[in-house]
Amino acid sequence: MAWRWSVWKQKVDMKRIYIYSTLCFLLAYAKVDAQQSEQGIEEKAVFNKESTVNSENQRPKRSLTECIQLAIKANPTLLQNELAVKRAEVNLSQAKANRLPDLNGRLGHSLTSGRSVDNSTNQYITRNNSSGNFSLDASVPVFNGFRILNDIRMRADAKTAGKLEFDSQVNALKLDVITAYIQVLTAQDVLKQSELQTEVTREQVRRAEAMQREGAINPGDYYDLKGQLANDINSIENNKQILYMNRVKMAGFLNIDEAQLGDLQALELTTDAQKVDATTLYKLATENLPDIPALDWKIKAAEKNIKIAQSSYWPSLSLSGGLNSNYSKNGMEGDYWYQMKNNVGKYVSLNLSIPVFNRFKVRNDVKLAKLDLESTKFQREIALNNLRAETSNAVFNLKNASNNIVQLHEQNTNFAESFRIAKVVFELGNSNSVIFLTAKTKYDNSQIQLVVKQYEWLLQKYINDYYAGSLNL
């Protein structure tokens, strides 16, 4: 009977100790939470006051549309590509100007000694002489196998193709800016997330240090927590480096320094997106993107280039005319201007050139022009094939990212609850640092994965809008 009484008393004592420990923990937790809440309210008030004072001196955040517009105006690569469009315009202007006659004037004066031919009498003389001549010649093409006409048409097609290619380069730059913009936002959010995670670890280290001084914690758990804090701080530094690199990349597209980039506006992480299948998106891309029409115009230009090469098979006819005169000190009587006026000669000529044999140059030029046409057609087929694969990947990646986000939300919820339980158990002293840090690591990783995947989904949405021709930025 005494033995049973002893056992019952021990159980009652254990229950009292457990209840007392739990109450102490809850009271301590409530006190800490209240202090943190008060501190948070004070910090928030200070922050709001400081932000109110400094808001007038801060530059507004850059929007995605602003960054794209600045890149189009200032990106040196795009500006260099724009020169090709201007060059095509100059080539077309010159092709049209080739229909005009050309006019050339020549004026010369010479001093001779010894035996020479007097240009006014066309006789030999053996004394010093001073002579001069001038001529004015004009020539206009009459017929050259329609070479000039086909050259104008070819240059016009090349100009249109060049403009479409430039539009394609503008679109590519937009995608590059969007990608860099989202990468900066992703790096910013990952950095913020790692800082919040580090604060959780730092709070646990503070608690562990207090317990370590009292000898109330396992040394292994204490040093595990300190090691995790150092690891979290290293993660912050690594994430800062990634953010800086992405900001430098973004600033490069805008042709500015990283310090001039400023802050970027956040993008709304909505869940709605244009849902089309791969076949429909491919069709929309071929209709809306300038890449394929540019190649169509290149094919037309290549066809005109064949006709230009074939024009050399035809005879060419040109009309020429001109004036000429001369002066000689030892020739006719009169001064310089008198002789020039009286020695004026005029001529008109019709010149016909018939190709007979030119070492097969024309035939080979025609063959090369036809090969260029075939090459351009293959370029179009390759572009269509690549576009089909790109649109298919874009549709799949958007759908895959959407599915991943749903799973990551569920995973994050489960890991959050697992970490909450592990934290309570660990702080009650009924667990160890390995279990606590494992739960924390899983929860931290799931949060970062969710952030990254959400921005990945947003990028895929912009890519789908780009192929569909609905990217209005």
# chains A, B, ... in the order shown; residues from 1 in each chain; ligands from 1

call {"tool": "closest_atom_pairs", "arguments": {"of": "range 292-344 of chain A", "to": "range 142-156 of chain A", "cutoff": "9 Å", "atoms": "only C-alpha atoms", "output": "tab-separated table"}}
result
residue	atom	partner	partner_atom	distance
A:Lys300	CA	A:Met154	CA	7.5
A:Ala301	CA	A:Met154	CA	4.7
A:Ala302	CA	A:Met154	CA	7.5
A:Glu303	CA	A:Met154	CA	8.1
A:Lys304	CA	A:Met154	CA	5.2
A:Asn305	CA	A:Met154	CA	6.5
A:Lys307	CA	A:Asn150	CA	6.7
A:Ile308	CA	A:Arg147	CA	5.2
A:Ala309	CA	A:Arg147	CA	8.0
A:Gln310	CA	A:Gly145	CA	8.0
A:Ser311	CA	A:Gly145	CA	4.5
A:Ser312	CA	A:Gly145	CA	6.8
A:Tyr313	CA	A:Gly145	CA	7.6
A:Trp314	CA	A:Gly145	CA	5.2
A:Pro315	CA	A:Asn144	CA	6.5
A:Ser316	CA	A:Asn144	CA	4.3
A:Leu317	CA	A:Phe143	CA	5.0
A:Ser318	CA	A:Val142	CA	4.9
A:Leu319	CA	A:Val142	CA	6.6

call {"tool": "select_by_dssp", "arguments": {"residues": "range 121-155 of chain A", "states": "alpha helix (DSSP H)", "output": "PyMOL selection string"}}
result
chain A and resi 147-155

call {"tool": "write_last_selection", "arguments": {"atoms": "all heavy atoms", "output": "CSV table (one decimal), in the first residue's frame"}}
result
chain,number,residue,atom,x,y,z
A,147,ARG,N,18.2,46.5,-115.6
A,147,ARG,CA,19.0,46.4,-114.4
A,147,ARG,C,18.6,47.4,-113.3
A,147,ARG,O,18.5,47.1,-112.1
A,147,ARG,CB,20.5,46.5,-114.7
A,147,ARG,CG,21.4,46.3,-113.5
A,147,ARG,CD,22.9,46.5,-113.9
A,147,ARG,NE,23.7,46.1,-112.8
A,147,ARG,CZ,24.2,44.9,-112.6
A,147,ARG,NH1,23.9,43.9,-113.4
A,147,ARG,NH2,25.0,44.7,-111.5
A,148,ILE,N,18.5,48.7,-113.7
A,148,ILE,CA,18.2,49.8,-112.8
A,148,ILE,C,16.8,49.6,-112.2
A,148,ILE,O,16.7,49.7,-111.0
A,148,ILE,CB,18.3,51.1,-113.5
A,148,ILE,CG1,19.8,51.4,-114.0
A,148,ILE,CG2,17.8,52.2,-112.6
A,148,ILE,CD1,20.0,52.7,-114.7
A,149,LEU,N,15.9,49.2,-113.0
A,149,LEU,CA,14.5,49.0,-112.5
A,149,LEU,C,14.5,47.9,-111.4
A,149,LEU,O,13.9,48.0,-110.4
A,149,LEU,CB,13.6,48.7,-113.6
A,149,LEU,CG,12.1,48.4,-113.3
A,149,LEU,CD1,11.5,49.6,-112.6
A,149,LEU,CD2,11.3,48.0,-114.5
A,150,ASN,N,15.1,46.8,-111.8
A,150,ASN,CA,15.1,45.6,-110.8
A,150,ASN,C,15.9,46.0,-109.6
A,150,ASN,O,15.6,45.5,-108.5
A,150,ASN,CB,15.7,44.4,-111.5
A,150,ASN,CG,14.7,43.8,-112.5
A,150,ASN,OD1,13.5,43.7,-112.2
A,150,ASN,ND2,15.2,43.4,-113.6
A,151,ASP,N,17.0,46.8,-109.7
A,151,ASP,CA,17.8,47.2,-108.6
A,151,ASP,C,16.9,48.0,-107.6
A,151,ASP,O,17.0,47.9,-106.4
A,151,ASP,CB,19.0,47.9,-109.0
A,151,ASP,CG,20.0,48.2,-107.9
A,151,ASP,OD1,20.3,47.3,-107.1
A,151,ASP,OD2,20.3,49.4,-107.7
A,152,ILE,N,16.1,48.9,-108.2
A,152,ILE,CA,15.2,49.8,-107.3
A,152,ILE,C,14.3,48.9,-106.6
A,152,ILE,O,14.0,49.1,-105.4
A,152,ILE,CB,14.5,50.8,-108.2
A,152,ILE,CG1,15.5,51.8,-108.8
A,152,ILE,CG2,13.4,51.5,-107.4
A,152,ILE,CD1,14.9,52.8,-109.8
A,153,ARG,N,13.7,47.9,-107.3
A,153,ARG,CA,12.7,47.0,-106.6
A,153,ARG,C,13.4,46.2,-105.5
A,153,ARG,O,12.8,46.0,-104.5
A,153,ARG,CB,12.0,46.1,-107.6
A,153,ARG,CG,11.1,46.9,-108.6
A,153,ARG,CD,10.6,46.0,-109.7
A,153,ARG,NE,9.7,46.7,-110.6
A,153,ARG,CZ,9.2,46.2,-111.7
A,153,ARG,NH1,9.5,45.0,-112.1
A,153,ARG,NH2,8.3,46.9,-112.5
A,154,MET,N,14.6,45.7,-105.8
A,154,MET,CA,15.3,44.9,-104.9
A,154,MET,C,15.7,45.7,-103.6
A,154,MET,O,15.5,45.2,-102.5
A,154,MET,CB,16.6,44.3,-105.5
A,154,MET,CG,17.3,43.3,-104.6
A,154,MET,SD,18.6,44.0,-103.6
A,154,MET,CE,19.8,44.4,-104.8
A,155,ARG,N,16.1,46.9,-103.8
A,155,ARG,CA,16.5,47.8,-102.7
A,155,ARG,C,15.2,48.1,-101.9
A,155,ARG,O,15.3,48.3,-100.6
A,155,ARG,CB,17.1,49.1,-103.2
A,155,ARG,CG,18.4,48.8,-103.9
A,155,ARG,CD,19.5,48.3,-103.1
A,155,ARG,NE,20.7,48.1,-103.8
A,155,ARG,CZ,21.9,47.5,-103.4
A,155,ARG,NH1,21.9,47.1,-102.1
A,155,ARG,NH2,22.9,47.4,-104.1

call {"tool": "residues_around", "arguments": {"residues": "Asp118 in chain A", "least_positions_apart": "6", "cutoff": "9 Å", "atoms": "only C-alpha atoms", "output": "list in words"}}
result
Tyr124, Ile125, Asn129, Ser131, Ser328, Asn330 and Gly331 of chain A

call {"tool": "closest_residue", "arguments": {"among": "A:Ala416, A:Val184, A:Ala278, A:Ala369", "to": "Asn239 in chain A", "atoms": "only C-alpha atoms"}}
result
A:Val184

call {"tool": "atom_distance", "arguments": {"atom1": "CA of Ala180 in chain A", "atom2": "CA of Asn472 in chain A"}}
result
17.6 Å

call {"tool": "atom_distance", "arguments": {"atom1": "CA of Ala158 in chain A", "atom2": "CA of Lys298 in chain A"}}
result
6.2 Å

call {"tool": "select_by_dssp", "arguments": {"residues": "range 76-232 of chain A", "states": "strand (DSSP E)", "output": "count of residues only"}}
result
32

call {"tool": "closest_residue", "arguments": {"among": "A:Ile182, A:Leu196, A:Ile435, A:Ala383", "to": "Pro293 in chain A", "atoms": "only C-alpha atoms"}}
result
A:Ala383

call {"tool": "closest_atom_pairs", "arguments": {"of": "range 376-446 of chain A", "to": "range 461-464 of chain A", "cutoff": "12 Å", "atoms": "only C-alpha atoms", "output": "Markdown table"}}
result
| residue | atom | partner | partner_atom | distance |
| --- | --- | --- | --- | --- |
| A:Glu390 | CA | A:Ile463 | CA | 9.8 |
| A:Thr391 | CA | A:Asn464 | CA | 7.6 |
| A:Ser392 | CA | A:Asn464 | CA | 9.9 |
| A:Asn393 | CA | A:Asn464 | CA | 9.7 |
| A:Ala394 | CA | A:Asn464 | CA | 6.0 |
| A:Val395 | CA | A:Asn464 | CA | 6.9 |
| A:Phe396 | CA | A:Asn464 | CA | 10.2 |
| A:Asn397 | CA | A:Lys461 | CA | 9.2 |
| A:Leu398 | CA | A:Lys461 | CA | 6.5 |
| A:Lys399 | CA | A:Lys461 | CA | 9.7 |
| A:Asn400 | CA | A:Lys461 | CA | 11.7 |
| A:Ala401 | CA | A:Lys461 | CA | 9.8 |
| A:Ser402 | CA | A:Lys461 | CA | 10.2 |

call {"tool": "atom_distance", "arguments": {"atom1": "CA of Gln265 in chain A", "atom2": "CA of His409 in chain A"}}
result
24.4 Å

call {"tool": "residues_around", "arguments": {"residues": "Tyr455 in chain A", "least_positions_apart": "3", "cutoff": "10 Å", "atoms": "only C-alpha atoms", "output": "list in words"}}
result
Thr179, Ile182, Gln183, Leu185, Thr186, Asp189, Leu267, Glu268, Leu269, Ala401, Leu450, Val451, Val452, Leu458, Leu459, Gln460 and Lys461 of chain A

call {"tool": "write_last_selection", "arguments": {"atoms": "C-alpha atoms", "output": "tab-separated table (two decimals), in the first residue's frame"}}
result
chain	number	residue	atom	x	y	z
A	179	THR	CA	13.73	39.11	-68.12
A	182	ILE	CA	12.03	40.10	-63.22
A	183	GLN	CA	15.45	38.71	-62.27
A	185	LEU	CA	12.74	41.58	-58.48
A	186	THR	CA	13.31	37.89	-57.82
A	189	ASP	CA	12.52	39.11	-52.76
A	267	LEU	CA	4.97	43.60	-60.52
A	268	GLU	CA	1.60	42.15	-59.65
A	269	LEU	CA	1.84	38.38	-59.32
A	401	ALA	CA	4.85	26.85	-63.64
A	450	LEU	CA	7.64	29.63	-54.11
A	451	VAL	CA	8.99	33.15	-54.66
A	452	VAL	CA	11.21	32.05	-57.54
A	458	LEU	CA	5.24	35.82	-64.58
A	459	LEU	CA	8.12	35.70	-67.04
A	460	GLN	CA	6.50	32.85	-68.96
A	461	LYS	CA	3.29	34.88	-69.09
